[in-house]
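Text of entry-v3.cif (mmCIF, C-alpha atoms) as supplied:
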data_protein
loop_
_atom_site.label_atom_id
_atom_site.label_comp_id
_atom_site.auth_asym_id
_atom_site.auth_seq_id
_atom_site.Cartn_x
_atom_site.Cartn_y
_atom_site.Cartn_z
CA MET P 1175 100.64 82.45 213.94
CA SER P 1176 101.36 83.26 217.58
CA ASP P 1177 102.42 80.56 220.04
CA ALA P 1178 99.08 80.91 221.87
CA ALA P 1179 97.12 80.52 218.61
CA ALA P 1180 99.19 77.48 217.58
CA LEU P 1181 98.64 75.87 221.00
CA SER P 1182 94.93 76.61 220.84
CA ALA P 1183 94.68 75.05 217.37
CA THR P 1184 96.24 71.77 218.61
CA ARG P 1185 93.91 71.35 221.58
CA LYS P 1186 91.13 68.85 221.23
CA PRO P 1187 87.68 70.14 222.13
CA LEU P 1188 86.35 69.11 225.51
CA PRO P 1189 83.68 66.42 225.39
CA ASP P 1190 80.05 67.51 225.35
CA THR P 1191 79.36 67.42 229.09
CA ALA P 1192 75.62 67.70 228.56
CA ARG P 1193 75.51 64.15 227.17
CA PRO P 1194 75.91 61.40 229.79
CA VAL P 1195 78.91 59.13 229.38
CA LEU P 1196 78.13 56.82 232.28
CA CYS P 1197 75.05 55.28 233.89
CA LEU P 1198 75.10 55.63 237.68
CA ALA P 1199 73.06 52.81 239.24
CA SER P 1200 72.52 54.77 242.44
CA ALA P 1201 70.29 57.47 243.87
CA SER P 1202 73.18 58.82 245.97
CA PRO P 1203 73.53 62.57 245.49
CA ARG P 1204 77.09 62.33 246.85
CA ARG P 1205 78.18 59.83 244.19
CA ARG P 1206 76.68 62.07 241.48
CA GLU P 1207 78.51 65.09 242.95
CA LEU P 1208 81.83 63.21 243.07
CA LEU P 1209 81.54 62.20 239.42
CA ALA P 1210 80.51 65.72 238.40
CA SER P 1211 83.52 67.13 240.26
CA ILE P 1212 85.83 65.22 237.90
CA GLY P 1213 83.81 66.20 234.83
CA VAL P 1214 81.81 63.00 234.32
CA THR P 1215 78.20 63.50 233.27
CA VAL P 1216 75.94 60.64 234.34
CA ALA P 1217 72.50 59.29 233.63
CA VAL P 1218 71.14 58.42 237.07
CA ARG P 1219 69.28 55.12 237.13
CA PRO P 1220 68.67 54.11 240.77
CA VAL P 1221 68.18 50.39 241.31
CA ASP P 1222 66.61 48.52 244.19
CA ILE P 1223 68.40 45.37 245.33
CA ASP P 1224 68.37 43.37 248.54
CA GLU P 1225 71.25 44.70 250.63
CA THR P 1226 71.08 42.05 253.35
CA PRO P 1227 74.49 40.55 254.14
CA ARG P 1228 74.65 36.82 253.44
CA PRO P 1229 75.55 34.41 256.25
CA GLY P 1230 79.32 34.27 256.64
CA GLU P 1231 79.89 37.00 254.05
CA GLY P 1232 82.90 39.19 254.81
CA ALA P 1233 82.71 42.96 254.48
CA ILE P 1234 84.80 43.20 251.31
CA ASP P 1235 82.78 40.44 249.62
CA TYR P 1236 79.60 42.18 250.77
CA VAL P 1237 80.36 45.63 249.29
CA THR P 1238 81.80 44.24 246.05
CA ARG P 1239 78.79 41.93 245.61
CA LEU P 1240 76.36 44.81 246.10
CA ALA P 1241 78.33 47.04 243.71
CA ARG P 1242 78.31 44.28 241.08
CA GLU P 1243 74.57 43.57 241.54
CA LYS P 1244 73.77 47.28 241.24
CA ALA P 1245 75.86 47.61 238.08
CA LEU P 1246 74.18 44.55 236.55
CA ALA P 1247 70.70 45.88 237.41
CA GLY P 1248 71.61 49.36 236.12
CA ALA P 1249 73.05 47.97 232.88
CA GLY P 1250 69.58 46.80 231.95
CA LEU P 1251 68.36 50.41 232.13
CA SER P 1252 70.96 52.05 229.89
CA ALA P 1253 73.26 51.35 226.95
CA LEU P 1254 76.02 53.33 228.67
CA PRO P 1255 78.78 51.77 230.76
CA THR P 1256 77.28 51.40 234.23
CA LEU P 1257 78.77 52.14 237.63
CA GLY P 1258 77.43 50.44 240.73
CA SER P 1259 78.77 51.10 244.20
CA ASP P 1260 78.00 50.51 247.83
CA THR P 1261 79.55 51.54 251.12
CA ALA P 1262 79.42 49.75 254.44
CA VAL P 1263 80.93 50.36 257.84
CA VAL P 1264 82.70 47.72 259.90
CA CYS P 1265 82.90 48.18 263.66
CA ASP P 1266 84.07 45.38 265.94
CA GLY P 1267 83.80 42.97 263.01
CA GLU P 1268 80.12 43.78 262.35
CA ILE P 1269 78.91 45.13 259.01
CA LEU P 1270 76.71 48.19 259.49
CA GLY P 1271 74.79 50.06 256.85
CA LYS P 1272 72.60 53.13 256.81
CA PRO P 1273 70.62 53.90 259.94
CA ALA P 1274 66.86 53.29 259.78
CA ASP P 1275 66.03 56.51 261.63
CA GLU P 1276 67.56 59.27 263.78
CA ALA P 1277 67.54 57.08 266.90
CA ALA P 1278 69.54 54.41 265.02
CA ALA P 1279 71.95 57.10 263.77
CA ARG P 1280 72.52 58.29 267.35
CA ARG P 1281 73.13 54.68 268.49
CA GLN P 1282 75.63 54.09 265.67
CA LEU P 1283 77.58 57.24 266.49
CA ALA P 1284 77.56 56.44 270.22
CA ARG P 1285 78.94 53.01 269.38
CA PHE P 1286 81.70 54.61 267.29
CA SER P 1287 82.76 57.01 270.07
CA GLY P 1288 86.49 56.54 270.73
CA GLN P 1289 86.64 53.62 268.25
CA ARG P 1290 88.42 52.85 265.00
CA VAL P 1291 85.86 52.27 262.26
CA ARG P 1292 86.55 50.95 258.76
CA PHE P 1293 84.64 52.20 255.75
CA LEU P 1294 84.55 49.95 252.71
CA THR P 1295 83.30 50.99 249.31
CA GLY P 1296 82.76 48.48 246.53
CA LEU P 1297 82.86 49.75 242.94
CA ALA P 1298 81.80 47.88 239.82
CA LEU P 1299 82.02 49.23 236.29
CA LEU P 1300 80.20 47.21 233.63
CA ASP P 1301 80.37 47.84 229.89
CA THR P 1302 78.01 45.35 228.24
CA ARG P 1303 78.78 46.56 224.69
CA ARG P 1304 82.42 45.61 225.06
CA ALA P 1305 81.76 42.70 227.44
CA ARG P 1306 84.10 44.19 230.06
CA HIS P 1307 83.79 44.67 233.76
CA ARG P 1308 85.92 45.74 236.68
CA VAL P 1309 85.14 45.26 240.37
CA THR P 1310 87.27 46.70 243.15
CA HIS P 1311 87.03 48.14 246.64
CA GLU P 1312 88.54 50.93 248.71
CA THR P 1313 89.05 51.09 252.46
CA TYR P 1314 89.27 54.08 254.72
CA ASP P 1315 89.75 54.01 258.49
CA VAL P 1316 88.42 56.63 260.85
CA MET P 1317 89.31 57.09 264.51
CA PHE P 1318 86.36 58.75 266.21
CA ARG P 1319 86.84 61.19 269.06
CA ARG P 1320 85.06 60.48 272.34
CA LEU P 1321 81.59 61.81 271.64
CA GLU P 1322 79.07 63.09 274.18
CA ALA P 1323 75.36 62.19 273.83
CA GLY P 1324 74.33 65.84 273.36
CA GLU P 1325 76.96 66.38 270.70
CA ILE P 1326 75.74 63.30 268.83
CA ALA P 1327 72.09 64.42 269.08
CA ARG P 1328 72.93 67.90 267.75
CA TYR P 1329 74.94 66.45 264.89
CA VAL P 1330 72.16 64.05 263.83
CA GLU P 1331 69.53 66.80 264.11
CA LYS P 1332 71.59 69.22 262.01
CA GLU P 1333 72.99 66.86 259.32
CA LYS P 1334 70.19 64.25 259.06
CA PRO P 1335 72.70 61.57 257.92
CA LEU P 1336 70.11 58.83 257.35
CA GLU P 1337 71.23 57.96 253.82
CA CYS P 1338 74.86 57.58 254.91
CA ALA P 1339 76.54 54.37 255.99
CA GLY P 1340 77.96 55.13 259.42
CA SER P 1341 75.51 57.97 260.09
CA PHE P 1342 77.77 60.83 259.08
CA ARG P 1343 78.79 62.97 256.14
CA MET P 1344 82.52 63.45 255.91
CA GLU P 1345 82.04 66.32 253.47
CA GLY P 1346 79.82 68.07 256.02
CA LEU P 1347 80.04 68.50 259.78
CA GLY P 1348 80.94 64.81 260.16
CA ILE P 1349 84.60 65.74 259.81
CA THR P 1350 84.40 67.24 263.33
CA LEU P 1351 83.65 63.81 264.82
CA PHE P 1352 87.10 62.37 264.09
CA GLU P 1353 90.44 62.30 265.80
CA ARG P 1354 92.33 60.72 262.90
CA LEU P 1355 91.73 59.67 259.28
CA GLU P 1356 93.71 56.94 257.53
CA GLY P 1357 93.51 55.89 253.89
CA ASP P 1358 94.06 56.92 250.32
CA ASP P 1359 90.63 58.33 249.49
CA PRO P 1360 88.44 60.16 252.03
CA ASN P 1361 85.58 60.01 249.51
CA THR P 1362 85.34 56.27 250.13
#
Represent the supplied structure as structure tokens.
Amino acid sequence: MSDAAALSATRKPLPDTARPVLCLASASPRRRELLASIGVTVAVRPVDIDETPRPGEGAIDYVTRLAREKALAGAGLSALPTLGSDTAVVCDGEILGKPADEAAARRQLARFSGQRVRFLTGLALLDTRRARHRVTHETYDVMFRRLEAGEIARYVEKEKPLECAGSFRMEGLGITLFERLEGDDPNT
């Protein structure tokens, strides 16, 4: 037997990627794409929870609470381990979410012009069959360039970032809005 044949015989087959291995309690196409990029097939089960920050709730507590609540709600829709996540933006100590419309997106980006903005993502993985869970968060800081009103308007018109906390898509043209990026994971 050749070395290549012997090596091939010892390899384990790849998992059946057509069968979901994880329930994603989110409608976010970006989260689905990120999981697919690392070979994870998901069953998408969007959940609807109240995302209003609680009085006195800090940003980390906020995103981890929402991630946990989404995972708990999603776990009721699937027997698979369930992933819930949520991202928020903190600017000048204020928690900001997704813009309500294009005008709100333009206002958010104008506010971020020349500022350091922190992105926080809460992640919760719940496996009810094994009675296990894990909740964590990631941070990523962005230093925005000074942005002109026309530049902001063109960006919002082109990208339509209404489903994105912070009103931009880093994987799209949003990367052009920054002067500096700081953190371990730009996908946060």
Please provide as a compact mmCIF listing (two decimals) with C-alpha atoms, keeping the file's coordinate frame all residues within 8 Å of Arg1292 in chain P, with the sequence filter that same-chain residues fewer than 3 positions apart are discarded (counting only C-alpha atoms).
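File written: around_12.txt
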# COMPACT_ATOMS: atom_id res chain seq x y z
CA VAL P 1263 80.93 50.36 257.84
CA VAL P 1264 82.70 47.72 259.90
CA CYS P 1265 82.90 48.18 263.66
CA THR P 1313 89.05 51.09 252.46
CA TYR P 1314 89.27 54.08 254.72
CA ASP P 1315 89.75 54.01 258.49
CA VAL P 1316 88.42 56.63 260.85
Range 1277-1283 of chain P: which residues within 9 Å, counting only C-alpha atoms, same-chain residues fewer than 2 positions away excluded, as a PDB file with C-alpha atoms, keeping the file's coordinate frame?
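See around34.pdb below for the written result:
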ATOM      1  CA  LEU P1270      76.710  48.190 259.490  1.00  0.00           C
ATOM      2  CA  LYS P1272      72.600  53.130 256.810  1.00  0.00           C
ATOM      3  CA  PRO P1273      70.620  53.900 259.940  1.00  0.00           C
ATOM      4  CA  ALA P1274      66.860  53.290 259.780  1.00  0.00           C
ATOM      5  CA  ASP P1275      66.030  56.510 261.630  1.00  0.00           C
ATOM      6  CA  ARG P1285      78.940  53.010 269.380  1.00  0.00           C
ATOM      7  CA  PHE P1286      81.700  54.610 267.290  1.00  0.00           C
ATOM      8  CA  SER P1287      82.760  57.010 270.070  1.00  0.00           C
ATOM      9  CA  PHE P1318      86.360  58.750 266.210  1.00  0.00           C
ATOM     10  CA  LEU P1321      81.590  61.810 271.640  1.00  0.00           C
ATOM     11  CA  ALA P1323      75.360  62.190 273.830  1.00  0.00           C
ATOM     12  CA  ILE P1326      75.740  63.300 268.830  1.00  0.00           C
ATOM     13  CA  ALA P1327      72.090  64.420 269.080  1.00  0.00           C
ATOM     14  CA  TYR P1329      74.940  66.450 264.890  1.00  0.00           C
ATOM     15  CA  VAL P1330      72.160  64.050 263.830  1.00  0.00           C
ATOM     16  CA  LYS P1334      70.190  64.250 259.060  1.00  0.00           C
ATOM     17  CA  PRO P1335      72.700  61.570 257.920  1.00  0.00           C
ATOM     18  CA  LEU P1336      70.110  58.830 257.350  1.00  0.00           C
ATOM     19  CA  GLY P1340      77.960  55.130 259.420  1.00  0.00           C
ATOM     20  CA  SER P1341      75.510  57.970 260.090  1.00  0.00           C
ATOM     21  CA  PHE P1342      77.770  60.830 259.080  1.00  0.00           C
TER      22      PHE P1342
END
Hey, what's within 8 Å of Thr1295 in chain P if we count all atoms listed in the file and toss same-chain stuff fewer than 2 positions away? As a PyMOL selection string, please?
chain P and resi 1237-1238+1259-1262+1293+1297+1311-1313+1362
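Compared by their closest atoms to Pro1220 in chain P, and using all atoms listed in the file, the residues P:Ala1201, P:Ile1234, P:Ala1241, P:Leu1299 rank with P:Ala1201 nearest.
With all atoms listed in the file as the atoms that count, the residue of P:Leu1240, P:Ala1339, P:Leu1355, P:Leu1254 with the shortest distance to Glu1225 in chain P is P:Leu1240.
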Computed interatomic separation between CA of Ser1200 in chain P and CA of Arg1354 in chain P (Å)
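Rounded to one decimal, the two atoms are 29.1 Å apart.
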Between CA of Glu1276 in chain P and CA of Glu1337 in chain P, what is the spacing in Å?
10.7 Å
Care to translate the PyMOL selection byres ((chain P and resi 1290) around 6) into actual residues of this file, as a PyMOL selection string?
chain P and resi 1289+1291+1316-1317
